[in-house]
>>> print(open('work_34.txt').read())   # compact mmCIF, N, CA and C atoms
# COMPACT_ATOMS: atom_id res chain seq x y z
N MET U 1 0.84 -1.19 0.00
CA MET U 1 0.00 0.00 0.00
C MET U 1 0.88 1.24 0.00
N SER U 2 0.40 2.24 -0.66
CA SER U 2 1.18 3.47 -0.70
C SER U 2 0.96 4.27 0.58
N PHE U 3 1.83 5.22 0.78
CA PHE U 3 1.77 6.06 1.98
C PHE U 3 0.46 6.85 2.05
N LYS U 4 -0.03 7.35 0.92
CA LYS U 4 -1.26 8.15 0.90
C LYS U 4 -2.48 7.32 1.30
N ILE U 5 -2.52 6.07 0.86
CA ILE U 5 -3.66 5.21 1.19
C ILE U 5 -3.65 4.87 2.68
N LYS U 6 -2.45 4.61 3.23
CA LYS U 6 -2.33 4.32 4.65
C LYS U 6 -2.75 5.54 5.48
N LEU U 7 -2.30 6.71 5.05
CA LEU U 7 -2.63 7.94 5.76
C LEU U 7 -4.14 8.20 5.73
N ARG U 8 -4.76 7.97 4.57
CA ARG U 8 -6.21 8.15 4.47
C ARG U 8 -6.97 7.20 5.40
N SER U 9 -6.55 5.95 5.43
CA SER U 9 -7.25 4.98 6.28
C SER U 9 -7.08 5.33 7.76
N ILE U 10 -5.90 5.81 8.15
CA ILE U 10 -5.67 6.21 9.53
C ILE U 10 -6.53 7.42 9.88
N LEU U 11 -6.56 8.41 9.01
CA LEU U 11 -7.38 9.59 9.27
C LEU U 11 -8.87 9.26 9.31
N LEU U 12 -9.33 8.38 8.43
CA LEU U 12 -10.73 7.97 8.43
C LEU U 12 -11.08 7.24 9.72
N SER U 13 -10.20 6.37 10.20
CA SER U 13 -10.42 5.66 11.46
C SER U 13 -10.47 6.64 12.62
N PHE U 14 -9.59 7.61 12.64
CA PHE U 14 -9.57 8.62 13.70
C PHE U 14 -10.84 9.46 13.68
N LEU U 15 -11.31 9.82 12.51
CA LEU U 15 -12.54 10.59 12.37
C LEU U 15 -13.74 9.80 12.89
N CYS U 16 -13.81 8.51 12.55
CA CYS U 16 -14.89 7.66 13.05
C CYS U 16 -14.86 7.57 14.57
N LEU U 17 -13.68 7.47 15.15
CA LEU U 17 -13.54 7.43 16.60
C LEU U 17 -14.04 8.72 17.24
N LEU U 18 -13.68 9.85 16.67
CA LEU U 18 -14.14 11.14 17.20
C LEU U 18 -15.66 11.27 17.14
N VAL U 19 -16.26 10.83 16.05
CA VAL U 19 -17.71 10.93 15.90
C VAL U 19 -18.40 10.05 16.93
N SER U 20 -17.92 8.84 17.15
CA SER U 20 -18.56 7.94 18.11
C SER U 20 -18.41 8.45 19.54
N VAL U 21 -17.25 8.96 19.92
CA VAL U 21 -17.04 9.51 21.25
C VAL U 21 -17.89 10.78 21.43
N GLY U 22 -18.00 11.58 20.40
CA GLY U 22 -18.85 12.78 20.48
C GLY U 22 -20.31 12.42 20.68
N GLY U 23 -20.75 11.33 20.07
CA GLY U 23 -22.13 10.87 20.26
C GLY U 23 -22.38 10.43 21.69
N LEU U 24 -21.42 9.76 22.31
CA LEU U 24 -21.57 9.36 23.70
C LEU U 24 -21.61 10.58 24.62
N TRP U 25 -20.79 11.58 24.37
CA TRP U 25 -20.80 12.78 25.18
C TRP U 25 -22.12 13.51 25.05
N ALA U 26 -22.69 13.55 23.83
CA ALA U 26 -23.95 14.23 23.62
C ALA U 26 -25.08 13.56 24.39
N GLN U 27 -25.05 12.25 24.54
CA GLN U 27 -26.09 11.57 25.29
C GLN U 27 -26.06 11.99 26.75
N ASP U 28 -24.89 12.09 27.34
CA ASP U 28 -24.79 12.43 28.75
C ASP U 28 -25.16 13.88 29.02
N GLN U 29 -24.86 14.78 28.11
CA GLN U 29 -25.15 16.19 28.38
C GLN U 29 -26.64 16.48 28.40
N TYR U 30 -27.47 15.62 27.79
CA TYR U 30 -28.92 15.84 27.81
C TYR U 30 -29.60 15.12 28.95
N GLY U 31 -28.88 14.53 29.86
CA GLY U 31 -29.47 13.92 31.04
C GLY U 31 -30.10 12.57 30.79
N ASN U 32 -29.51 11.75 29.93
CA ASN U 32 -30.01 10.40 29.73
C ASN U 32 -29.56 9.53 30.89
N VAL U 33 -30.47 8.72 31.43
CA VAL U 33 -30.14 7.86 32.54
C VAL U 33 -30.64 6.45 32.30
N VAL U 34 -29.99 5.50 32.96
CA VAL U 34 -30.43 4.12 33.00
C VAL U 34 -30.69 3.81 34.47
N ILE U 35 -31.92 3.40 34.76
CA ILE U 35 -32.31 3.11 36.13
C ILE U 35 -32.67 1.63 36.22
N LYS U 36 -32.03 0.94 37.13
CA LYS U 36 -32.29 -0.48 37.35
C LYS U 36 -32.68 -0.69 38.79
N GLY U 37 -33.46 -1.73 39.03
CA GLY U 37 -33.83 -2.02 40.41
C GLY U 37 -34.71 -3.23 40.53
N VAL U 38 -35.12 -3.49 41.76
CA VAL U 38 -35.99 -4.61 42.09
C VAL U 38 -37.13 -4.08 42.94
N VAL U 39 -38.35 -4.54 42.65
CA VAL U 39 -39.52 -4.16 43.42
C VAL U 39 -39.95 -5.37 44.25
N THR U 40 -40.04 -5.16 45.58
CA THR U 40 -40.42 -6.23 46.49
C THR U 40 -41.56 -5.77 47.39
N ALA U 41 -42.21 -6.72 48.04
CA ALA U 41 -43.25 -6.41 49.02
C ALA U 41 -42.58 -6.00 50.32
N ALA U 42 -43.15 -5.00 50.99
CA ALA U 42 -42.58 -4.53 52.25
C ALA U 42 -42.67 -5.60 53.33
N THR U 43 -43.75 -6.38 53.31
CA THR U 43 -43.89 -7.47 54.27
C THR U 43 -43.49 -8.78 53.59
N GLY U 44 -42.44 -9.38 54.06
CA GLY U 44 -41.98 -10.64 53.49
C GLY U 44 -40.87 -10.50 52.49
N GLY U 45 -40.78 -9.40 51.78
CA GLY U 45 -39.70 -9.16 50.84
C GLY U 45 -39.77 -9.94 49.55
N ALA U 46 -40.95 -10.49 49.22
CA ALA U 46 -41.09 -11.26 47.98
C ALA U 46 -41.10 -10.31 46.78
N PRO U 47 -40.45 -10.69 45.68
CA PRO U 47 -40.48 -9.84 44.48
C PRO U 47 -41.89 -9.77 43.90
N ILE U 48 -42.22 -8.62 43.33
CA ILE U 48 -43.55 -8.40 42.75
C ILE U 48 -43.39 -8.26 41.24
N ALA U 49 -44.08 -9.12 40.51
CA ALA U 49 -44.03 -9.09 39.05
C ALA U 49 -45.09 -8.15 38.50
N ASN U 50 -44.84 -7.61 37.32
CA ASN U 50 -45.78 -6.77 36.56
C ASN U 50 -46.12 -5.44 37.23
N VAL U 51 -45.22 -4.89 38.00
CA VAL U 51 -45.41 -3.55 38.57
C VAL U 51 -45.10 -2.53 37.48
N SER U 52 -45.94 -1.52 37.34
CA SER U 52 -45.70 -0.44 36.38
C SER U 52 -44.69 0.54 36.98
N VAL U 53 -43.62 0.81 36.24
CA VAL U 53 -42.58 1.74 36.66
C VAL U 53 -42.49 2.82 35.59
N PHE U 54 -42.74 4.10 35.97
CA PHE U 54 -42.78 5.15 34.96
C PHE U 54 -42.60 6.53 35.59
N PHE U 55 -42.30 7.51 34.73
CA PHE U 55 -42.31 8.93 35.10
C PHE U 55 -43.67 9.48 34.66
N SER U 56 -44.19 10.48 35.37
CA SER U 56 -45.48 11.07 35.00
C SER U 56 -45.43 11.60 33.58
N GLY U 57 -46.44 11.26 32.79
CA GLY U 57 -46.54 11.78 31.44
C GLY U 57 -45.63 11.12 30.42
N SER U 58 -45.03 9.99 30.76
CA SER U 58 -44.17 9.31 29.79
C SER U 58 -44.37 7.80 29.89
N ALA U 59 -43.88 7.11 28.88
CA ALA U 59 -43.99 5.65 28.87
C ALA U 59 -43.09 5.06 29.95
N GLY U 60 -43.38 3.83 30.31
CA GLY U 60 -42.59 3.19 31.34
C GLY U 60 -42.37 1.73 31.01
N VAL U 61 -42.02 0.96 32.03
CA VAL U 61 -41.76 -0.47 31.88
C VAL U 61 -42.50 -1.22 32.97
N MET U 62 -42.49 -2.55 32.86
CA MET U 62 -43.06 -3.40 33.89
C MET U 62 -41.97 -4.32 34.42
N THR U 63 -42.10 -4.70 35.68
CA THR U 63 -41.12 -5.60 36.27
C THR U 63 -41.31 -7.02 35.73
N ASP U 64 -40.23 -7.79 35.72
CA ASP U 64 -40.32 -9.18 35.26
C ASP U 64 -40.75 -10.07 36.43
N SER U 65 -40.68 -11.38 36.25
CA SER U 65 -41.16 -12.31 37.27
C SER U 65 -40.32 -12.26 38.55
N ALA U 66 -39.09 -11.76 38.46
CA ALA U 66 -38.23 -11.62 39.63
C ALA U 66 -38.33 -10.22 40.24
N GLY U 67 -39.23 -9.39 39.73
CA GLY U 67 -39.41 -8.03 40.25
C GLY U 67 -38.38 -7.04 39.74
N LYS U 68 -37.55 -7.44 38.76
CA LYS U 68 -36.49 -6.56 38.25
C LYS U 68 -37.01 -5.72 37.10
N TYR U 69 -36.43 -4.52 36.97
CA TYR U 69 -36.77 -3.64 35.86
C TYR U 69 -35.53 -2.86 35.42
N THR U 70 -35.55 -2.39 34.17
CA THR U 70 -34.54 -1.49 33.63
C THR U 70 -35.28 -0.43 32.83
N LEU U 71 -35.07 0.83 33.18
CA LEU U 71 -35.77 1.94 32.53
C LEU U 71 -34.75 2.91 31.96
N TYR U 72 -34.91 3.24 30.68
CA TYR U 72 -34.06 4.23 30.02
C TYR U 72 -34.87 5.51 29.90
N ALA U 73 -34.33 6.63 30.37
CA ALA U 73 -35.09 7.88 30.36
C ALA U 73 -34.18 9.04 29.99
N SER U 74 -34.79 10.10 29.47
CA SER U 74 -34.08 11.32 29.13
C SER U 74 -34.79 12.50 29.78
N ARG U 75 -34.01 13.40 30.29
CA ARG U 75 -34.56 14.59 30.95
C ARG U 75 -35.46 15.39 30.00
N ARG U 76 -35.16 15.33 28.70
CA ARG U 76 -35.93 16.11 27.72
C ARG U 76 -37.38 15.64 27.63
N PHE U 77 -37.66 14.36 27.92
CA PHE U 77 -38.99 13.81 27.71
C PHE U 77 -39.74 13.52 29.01
N VAL U 78 -39.19 13.93 30.13
CA VAL U 78 -39.81 13.66 31.43
C VAL U 78 -40.25 14.97 32.05
N LYS U 79 -41.50 15.02 32.54
CA LYS U 79 -42.03 16.25 33.12
C LYS U 79 -41.43 16.55 34.49
N ASP U 80 -41.26 15.54 35.32
CA ASP U 80 -40.65 15.74 36.63
C ASP U 80 -39.70 14.58 36.91
N ASN U 81 -39.02 14.62 38.03
CA ASN U 81 -38.04 13.58 38.32
C ASN U 81 -38.55 12.54 39.30
N HIS U 82 -39.88 12.39 39.41
CA HIS U 82 -40.48 11.43 40.33
C HIS U 82 -40.78 10.12 39.60
N LEU U 83 -40.04 9.08 39.93
CA LEU U 83 -40.27 7.76 39.37
C LEU U 83 -41.34 7.07 40.20
N LYS U 84 -42.40 6.57 39.54
CA LYS U 84 -43.54 5.99 40.26
C LYS U 84 -43.60 4.48 40.04
N PHE U 85 -44.05 3.79 41.07
CA PHE U 85 -44.24 2.34 41.06
C PHE U 85 -45.70 2.07 41.41
N VAL U 86 -46.46 1.46 40.49
CA VAL U 86 -47.89 1.26 40.70
C VAL U 86 -48.25 -0.20 40.48
N TYR U 87 -49.03 -0.75 41.44
CA TYR U 87 -49.51 -2.12 41.32
C TYR U 87 -50.81 -2.23 42.11
N VAL U 88 -51.77 -2.97 41.57
CA VAL U 88 -53.07 -3.12 42.22
C VAL U 88 -52.90 -3.82 43.57
N GLY U 89 -53.51 -3.25 44.60
CA GLY U 89 -53.44 -3.82 45.94
C GLY U 89 -52.29 -3.29 46.78
N TYR U 90 -51.47 -2.41 46.19
CA TYR U 90 -50.34 -1.82 46.90
C TYR U 90 -50.38 -0.30 46.79
N LYS U 91 -49.82 0.37 47.79
CA LYS U 91 -49.72 1.83 47.73
C LYS U 91 -48.70 2.22 46.67
N THR U 92 -48.94 3.34 46.00
CA THR U 92 -48.01 3.83 44.99
C THR U 92 -46.71 4.28 45.65
N GLY U 93 -45.59 3.81 45.11
CA GLY U 93 -44.28 4.22 45.61
C GLY U 93 -43.68 5.28 44.69
N THR U 94 -42.92 6.20 45.26
CA THR U 94 -42.30 7.28 44.49
C THR U 94 -40.85 7.45 44.92
N VAL U 95 -39.97 7.64 43.94
CA VAL U 95 -38.55 7.89 44.20
C VAL U 95 -38.12 9.06 43.33
N ASP U 96 -37.32 9.97 43.89
CA ASP U 96 -36.76 11.07 43.11
C ASP U 96 -35.48 10.59 42.42
N ILE U 97 -35.38 10.91 41.11
CA ILE U 97 -34.23 10.50 40.31
C ILE U 97 -33.39 11.72 39.96
N ASN U 98 -32.08 11.59 40.10
CA ASN U 98 -31.13 12.64 39.76
C ASN U 98 -30.64 12.39 38.33
N PHE U 99 -31.00 13.26 37.41
CA PHE U 99 -30.62 13.06 36.00
C PHE U 99 -29.16 13.41 35.73
N ASP U 100 -28.42 13.86 36.73
CA ASP U 100 -27.00 14.13 36.56
C ASP U 100 -26.16 12.87 36.73
N VAL U 101 -26.76 11.80 37.24
CA VAL U 101 -26.07 10.52 37.42
C VAL U 101 -26.55 9.58 36.33
N PRO U 102 -25.68 9.17 35.39
CA PRO U 102 -26.12 8.41 34.22
C PRO U 102 -26.63 7.00 34.51
N GLN U 103 -26.11 6.32 35.53
CA GLN U 103 -26.58 4.98 35.86
C GLN U 103 -26.91 4.92 37.34
N GLN U 104 -28.14 4.44 37.63
CA GLN U 104 -28.61 4.43 39.01
C GLN U 104 -29.30 3.12 39.34
N THR U 105 -29.30 2.79 40.63
CA THR U 105 -30.06 1.65 41.12
C THR U 105 -31.09 2.18 42.09
N SER U 106 -32.34 1.81 41.86
CA SER U 106 -33.42 2.28 42.72
C SER U 106 -34.35 1.11 43.03
N ASP U 107 -34.13 0.49 44.19
CA ASP U 107 -34.99 -0.60 44.63
C ASP U 107 -36.18 0.00 45.38
N MET U 108 -37.33 -0.68 45.30
CA MET U 108 -38.54 -0.16 45.93
C MET U 108 -39.23 -1.28 46.69
N GLN U 109 -39.71 -0.95 47.89
CA GLN U 109 -40.54 -1.86 48.66
C GLN U 109 -41.94 -1.26 48.71
N LEU U 110 -42.91 -1.98 48.18
CA LEU U 110 -44.29 -1.50 48.16
C LEU U 110 -45.06 -2.06 49.35
N GLU U 111 -45.85 -1.18 49.98
CA GLU U 111 -46.69 -1.59 51.10
C GLU U 111 -48.08 -1.92 50.60
N GLU U 112 -48.71 -2.93 51.21
CA GLU U 112 -50.07 -3.28 50.83
C GLU U 112 -51.01 -2.15 51.21
N SER U 113 -52.00 -1.89 50.36
CA SER U 113 -52.91 -0.77 50.60
C SER U 113 -54.01 -1.11 51.58
N GLY U 114 -54.32 -2.38 51.75
CA GLY U 114 -55.38 -2.76 52.67
C GLY U 114 -56.75 -2.70 52.04
N HIS U 115 -56.86 -2.21 50.83
CA HIS U 115 -58.13 -2.17 50.11
C HIS U 115 -58.21 -3.38 49.19
N ALA U 116 -59.35 -4.04 49.26
CA ALA U 116 -59.56 -5.20 48.40
C ALA U 116 -60.65 -4.88 47.39
N LEU U 117 -60.58 -5.51 46.25
CA LEU U 117 -61.63 -5.34 45.26
C LEU U 117 -62.86 -6.11 45.71
N ALA U 118 -63.99 -5.43 45.76
CA ALA U 118 -65.23 -6.09 46.20
C ALA U 118 -65.81 -6.94 45.07
N ASP U 119 -65.98 -6.35 43.91
CA ASP U 119 -66.57 -7.04 42.78
C ASP U 119 -65.80 -6.71 41.52
N VAL U 120 -65.76 -7.67 40.63
CA VAL U 120 -65.20 -7.45 39.31
C VAL U 120 -66.28 -7.82 38.30
N VAL U 121 -66.61 -6.89 37.41
CA VAL U 121 -67.63 -7.13 36.41
C VAL U 121 -66.97 -7.21 35.04
N VAL U 122 -67.24 -8.29 34.33
CA VAL U 122 -66.70 -8.47 32.99
C VAL U 122 -67.86 -8.48 32.02
N LYS U 123 -67.79 -7.63 31.02
CA LYS U 123 -68.85 -7.57 30.02
C LYS U 123 -68.26 -7.89 28.66
N ASN U 124 -69.10 -8.52 27.84
CA ASN U 124 -68.67 -8.85 26.49
C ASN U 124 -69.69 -8.21 25.55
N HIS U 125 -69.25 -7.21 24.82
CA HIS U 125 -70.13 -6.56 23.85
C HIS U 125 -69.81 -7.12 22.48
N ARG U 126 -70.83 -7.68 21.88
CA ARG U 126 -70.65 -8.29 20.57
C ARG U 126 -71.26 -7.38 19.53
N GLU U 127 -70.45 -7.05 18.53
CA GLU U 127 -70.95 -6.20 17.46
C GLU U 127 -71.23 -7.04 16.24
N LYS U 128 -72.28 -6.65 15.53
CA LYS U 128 -72.63 -7.34 14.27
C LYS U 128 -72.14 -6.51 13.12
N TYR U 129 -71.59 -7.16 12.14
CA TYR U 129 -71.08 -6.47 10.96
C TYR U 129 -71.97 -6.69 9.79
>>> encode(input="work_34.txt", output="structure tokens")
Amino acid sequence: MSFKIKLRSILLSFLCLLVSVGGLWAQDQYGNVVIKGVVTAATGGAPIANVSVFFSGSAGVMTDSAGKYTLYASRRFVKDNHLKFVYVGYKTGTVDINFDVPQQTSDMQLEESGHALADVVVKNHREKY
């Protein structure tokens, strides 16, 4: 290979490296965070599956069968920094998230609400076409 071709390939590789590192820096400056944790019951400490974990006014995630969740969020798309945990039969849990810390762990223990569902009504509406 000639010297010019080697120089071009080295410069192109260096340029690609700069662009990729610049992209990572841009993500952090906008307050992107990764929040991981486990949701358990306050009494007994058993993991709770299918708990809704979200910020107000934005999409969220649900916990898996082991009560674990991973949420990716950006300060630009979140109205406030209150992370909420909601599940039927339990009180809503809230945690404040600091968007200046890119990776965080936030475990939550939910307390039972003491309210039980009295009746559940299921209706089936059939439409004719």
>>> residues_near_point(input="work_34.txt", point="(-33.5, 4.1, 43.8)", cutoff="8 Å", atoms="all atoms listed in the file", output="PDB file with N, CA and C atoms, in the frame of the given file")
ATOM      1  N   ILE U  35     -31.920   3.400  34.760  1.00  0.00           N
ATOM      2  CA  ILE U  35     -32.310   3.110  36.130  1.00  0.00           C
ATOM      3  C   ILE U  35     -32.670   1.630  36.220  1.00  0.00           C
ATOM      4  N   LYS U  36     -32.030   0.940  37.130  1.00  0.00           N
ATOM      5  CA  LYS U  36     -32.290  -0.480  37.350  1.00  0.00           C
ATOM      6  C   LYS U  36     -32.680  -0.690  38.790  1.00  0.00           C
ATOM      7  N   GLY U  37     -33.460  -1.730  39.030  1.00  0.00           N
ATOM      8  CA  GLY U  37     -33.830  -2.020  40.410  1.00  0.00           C
ATOM      9  C   GLY U  37     -34.710  -3.230  40.530  1.00  0.00           C
ATOM     10  N   VAL U  95     -39.970   7.640  43.940  1.00  0.00           N
ATOM     11  CA  VAL U  95     -38.550   7.890  44.200  1.00  0.00           C
ATOM     12  C   VAL U  95     -38.120   9.060  43.330  1.00  0.00           C
ATOM     13  N   ASP U  96     -37.320   9.970  43.890  1.00  0.00           N
ATOM     14  CA  ASP U  96     -36.760  11.070  43.110  1.00  0.00           C
ATOM     15  C   ASP U  96     -35.480  10.590  42.420  1.00  0.00           C
ATOM     16  N   ILE U  97     -35.380  10.910  41.110  1.00  0.00           N
ATOM     17  CA  ILE U  97     -34.230  10.500  40.310  1.00  0.00           C
ATOM     18  C   ILE U  97     -33.390  11.720  39.960  1.00  0.00           C
ATOM     19  N   GLN U 104     -28.140   4.440  37.630  1.00  0.00           N
ATOM     20  CA  GLN U 104     -28.610   4.430  39.010  1.00  0.00           C
ATOM     21  C   GLN U 104     -29.300   3.120  39.340  1.00  0.00           C
ATOM     22  N   THR U 105     -29.300   2.790  40.630  1.00  0.00           N
ATOM     23  CA  THR U 105     -30.060   1.650  41.120  1.00  0.00           C
ATOM     24  C   THR U 105     -31.090   2.180  42.090  1.00  0.00           C
ATOM     25  N   SER U 106     -32.340   1.810  41.860  1.00  0.00           N
ATOM     26  CA  SER U 106     -33.420   2.280  42.720  1.00  0.00           C
ATOM     27  C   SER U 106     -34.350   1.110  43.030  1.00  0.00           C
ATOM     28  N   ASP U 107     -34.130   0.490  44.190  1.00  0.00           N
ATOM     29  CA  ASP U 107     -34.990  -0.600  44.630  1.00  0.00           C
ATOM     30  C   ASP U 107     -36.180   0.000  45.380  1.00  0.00           C
ATOM     31  N   MET U 108     -37.330  -0.680  45.300  1.00  0.00           N
ATOM     32  CA  MET U 108     -38.540  -0.160  45.930  1.00  0.00           C
ATOM     33  C   MET U 108     -39.230  -1.280  46.690  1.00  0.00           C
TER      34      MET U 108
END
>>> atom_distance(input="work_34.txt", atom1="atom C of Thr92 (chain U)", atom2="CA of Val121 (chain U)")
25.6 Å
>>> atom_distance(input="work_34.txt", atom1="CA of Gly45 (chain U)", atom2="atom C of Gly89 (chain U)")
14.5 Å
>>> residues_around(input="work_34.txt", residues="Ala49 (chain U)", least_positions_apart="2", cutoff="6.5 Å", atoms="all atoms listed in the file", output="NGL selection string")
:U and (47 or 51 or 62-67)
>>> closest_residue(input="work_34.txt", among="U:Gly114, U:Val53, U:Asp100, U:Lys123", to="Val86 (chain U)", atoms="all atoms listed in the file")
U:Val53
>>> atom_distance(input="work_34.txt", atom1="CA of Asn98 (chain U)", atom2="CA of Lys84 (chain U)")
14.1 Å
>>> residues_near_point(input="work_34.txt", point="(-44.9, 9.7, 34.2)", cutoff="8 Å", atoms="all atoms listed in the file", output="PDB file with N, CA and C atoms, in the coordinates of the input")
ATOM      1  N   VAL U  53     -43.620   0.810  36.240  1.00  0.00           N
ATOM      2  CA  VAL U  53     -42.580   1.740  36.660  1.00  0.00           C
ATOM      3  C   VAL U  53     -42.490   2.820  35.590  1.00  0.00           C
ATOM      4  N   PHE U  54     -42.740   4.100  35.970  1.00  0.00           N
ATOM      5  CA  PHE U  54     -42.780   5.150  34.960  1.00  0.00           C
ATOM      6  C   PHE U  54     -42.600   6.530  35.590  1.00  0.00           C
ATOM      7  N   PHE U  55     -42.300   7.510  34.730  1.00  0.00           N
ATOM      8  CA  PHE U  55     -42.310   8.930  35.100  1.00  0.00           C
ATOM      9  C   PHE U  55     -43.670   9.480  34.660  1.00  0.00           C
ATOM     10  N   SER U  56     -44.190  10.480  35.370  1.00  0.00           N
ATOM     11  CA  SER U  56     -45.480  11.070  35.000  1.00  0.00           C
ATOM     12  C   SER U  56     -45.430  11.600  33.580  1.00  0.00           C
ATOM     13  N   GLY U  57     -46.440  11.260  32.790  1.00  0.00           N
ATOM     14  CA  GLY U  57     -46.540  11.780  31.440  1.00  0.00           C
ATOM     15  C   GLY U  57     -45.630  11.120  30.420  1.00  0.00           C
ATOM     16  N   SER U  58     -45.030   9.990  30.760  1.00  0.00           N
ATOM     17  CA  SER U  58     -44.170   9.310  29.790  1.00  0.00           C
ATOM     18  C   SER U  58     -44.370   7.800  29.890  1.00  0.00           C
ATOM     19  N   ALA U  59     -43.880   7.110  28.880  1.00  0.00           N
ATOM     20  CA  ALA U  59     -43.990   5.650  28.870  1.00  0.00           C
ATOM     21  C   ALA U  59     -43.090   5.060  29.950  1.00  0.00           C
ATOM     22  N   GLY U  60     -43.380   3.830  30.310  1.00  0.00           N
ATOM     23  CA  GLY U  60     -42.590   3.190  31.340  1.00  0.00           C
ATOM     24  C   GLY U  60     -42.370   1.730  31.010  1.00  0.00           C
ATOM     25  N   VAL U  78     -39.190  13.930  30.130  1.00  0.00           N
ATOM     26  CA  VAL U  78     -39.810  13.660  31.430  1.00  0.00           C
ATOM     27  C   VAL U  78     -40.250  14.970  32.050  1.00  0.00           C
ATOM     28  N   LYS U  79     -41.500  15.020  32.540  1.00  0.00           N
ATOM     29  CA  LYS U  79     -42.030  16.250  33.120  1.00  0.00           C
ATOM     30  C   LYS U  79     -41.430  16.550  34.490  1.00  0.00           C
ATOM     31  N   ASP U  80     -41.260  15.540  35.320  1.00  0.00           N
ATOM     32  CA  ASP U  80     -40.650  15.740  36.630  1.00  0.00           C
ATOM     33  C   ASP U  80     -39.700  14.580  36.910  1.00  0.00           C
ATOM     34  N   HIS U  82     -39.880  12.390  39.410  1.00  0.00           N
ATOM     35  CA  HIS U  82     -40.480  11.430  40.330  1.00  0.00           C
ATOM     36  C   HIS U  82     -40.780  10.120  39.600  1.00  0.00           C
ATOM     37  N   LEU U  83     -40.040   9.080  39.930  1.00  0.00           N
ATOM     38  CA  LEU U  83     -40.270   7.760  39.370  1.00  0.00           C
ATOM     39  C   LEU U  83     -41.340   7.070  40.200  1.00  0.00           C
ATOM     40  N   LYS U  84     -42.400   6.570  39.540  1.00  0.00           N
ATOM     41  CA  LYS U  84     -43.540   5.990  40.260  1.00  0.00           C
ATOM     42  C   LYS U  84     -43.600   4.480  40.040  1.00  0.00           C
TER      43      LYS U  84
END
>>> closest_residue(input="work_34.txt", among="U:Lys4, U:Ser74, U:Arg126, U:Ser52", to="Thr94 (chain U)", atoms="only C-alpha atoms")
U:Ser52
>>> closest_residue(input="work_34.txt", among="U:Ala118, U:Val39, U:Ile5, U:Val33", to="Pro102 (chain U)", atoms="only C-alpha atoms")
U:Val33
>>> closest_residue(input="work_34.txt", among="U:His125, U:Thr40, U:Tyr69, U:Phe99", to="Asn81 (chain U)", atoms="all atoms listed in the file")
U:Phe99
>>> residues_around(input="work_34.txt", residues="Glu111 (chain U)", least_positions_apart="3", cutoff="7 Å", atoms="only C-alpha atoms", output="list in words")
Ala41, Ala42, Tyr90 and Lys91 of chain U
>>> build_atoms(input="work_34.txt", residues="region 48-52 of chain U", atoms="all heavy atoms", output="mmCIF file, keeping the file's coordinate frame")
data_model
loop_
_atom_site.group_PDB
_atom_site.id
_atom_site.type_symbol
_atom_site.label_atom_id
_atom_site.label_comp_id
_atom_site.auth_asym_id
_atom_site.auth_seq_id
_atom_site.Cartn_x
_atom_site.Cartn_y
_atom_site.Cartn_z
ATOM 1 N N ILE U 48 -42.220 -8.620 43.330
ATOM 2 C CA ILE U 48 -43.550 -8.400 42.750
ATOM 3 C C ILE U 48 -43.390 -8.260 41.240
ATOM 4 O O ILE U 48 -42.679 -7.379 40.765
ATOM 5 C CB ILE U 48 -44.225 -7.144 43.333
ATOM 6 C CG1 ILE U 48 -44.248 -7.204 44.855
ATOM 7 C CG2 ILE U 48 -45.633 -7.005 42.774
ATOM 8 C CD1 ILE U 48 -44.764 -5.921 45.506
ATOM 9 N N ALA U 49 -44.080 -9.120 40.510
ATOM 10 C CA ALA U 49 -44.030 -9.090 39.050
ATOM 11 C C ALA U 49 -45.090 -8.150 38.500
ATOM 12 O O ALA U 49 -46.106 -7.890 39.133
ATOM 13 C CB ALA U 49 -44.243 -10.489 38.491
ATOM 14 N N ASN U 50 -44.840 -7.610 37.320
ATOM 15 C CA ASN U 50 -45.780 -6.770 36.560
ATOM 16 C C ASN U 50 -46.120 -5.440 37.230
ATOM 17 O O ASN U 50 -47.208 -4.900 37.026
ATOM 18 C CB ASN U 50 -47.064 -7.540 36.238
ATOM 19 C CG ASN U 50 -46.791 -8.766 35.417
ATOM 20 O OD1 ASN U 50 -45.972 -8.744 34.506
ATOM 21 N ND2 ASN U 50 -47.442 -9.859 35.759
ATOM 22 N N VAL U 51 -45.220 -4.890 38.000
ATOM 23 C CA VAL U 51 -45.410 -3.550 38.570
ATOM 24 C C VAL U 51 -45.100 -2.530 37.480
ATOM 25 O O VAL U 51 -44.116 -2.657 36.753
ATOM 26 C CB VAL U 51 -44.465 -3.331 39.776
ATOM 27 C CG1 VAL U 51 -44.575 -1.911 40.305
ATOM 28 C CG2 VAL U 51 -44.763 -4.334 40.869
ATOM 29 N N SER U 52 -45.940 -1.520 37.340
ATOM 30 C CA SER U 52 -45.700 -0.440 36.380
ATOM 31 C C SER U 52 -44.690 0.540 36.980
ATOM 32 O O SER U 52 -44.899 1.041 38.082
ATOM 33 C CB SER U 52 -46.992 0.295 36.045
ATOM 34 O OG SER U 52 -47.900 -0.578 35.423
#
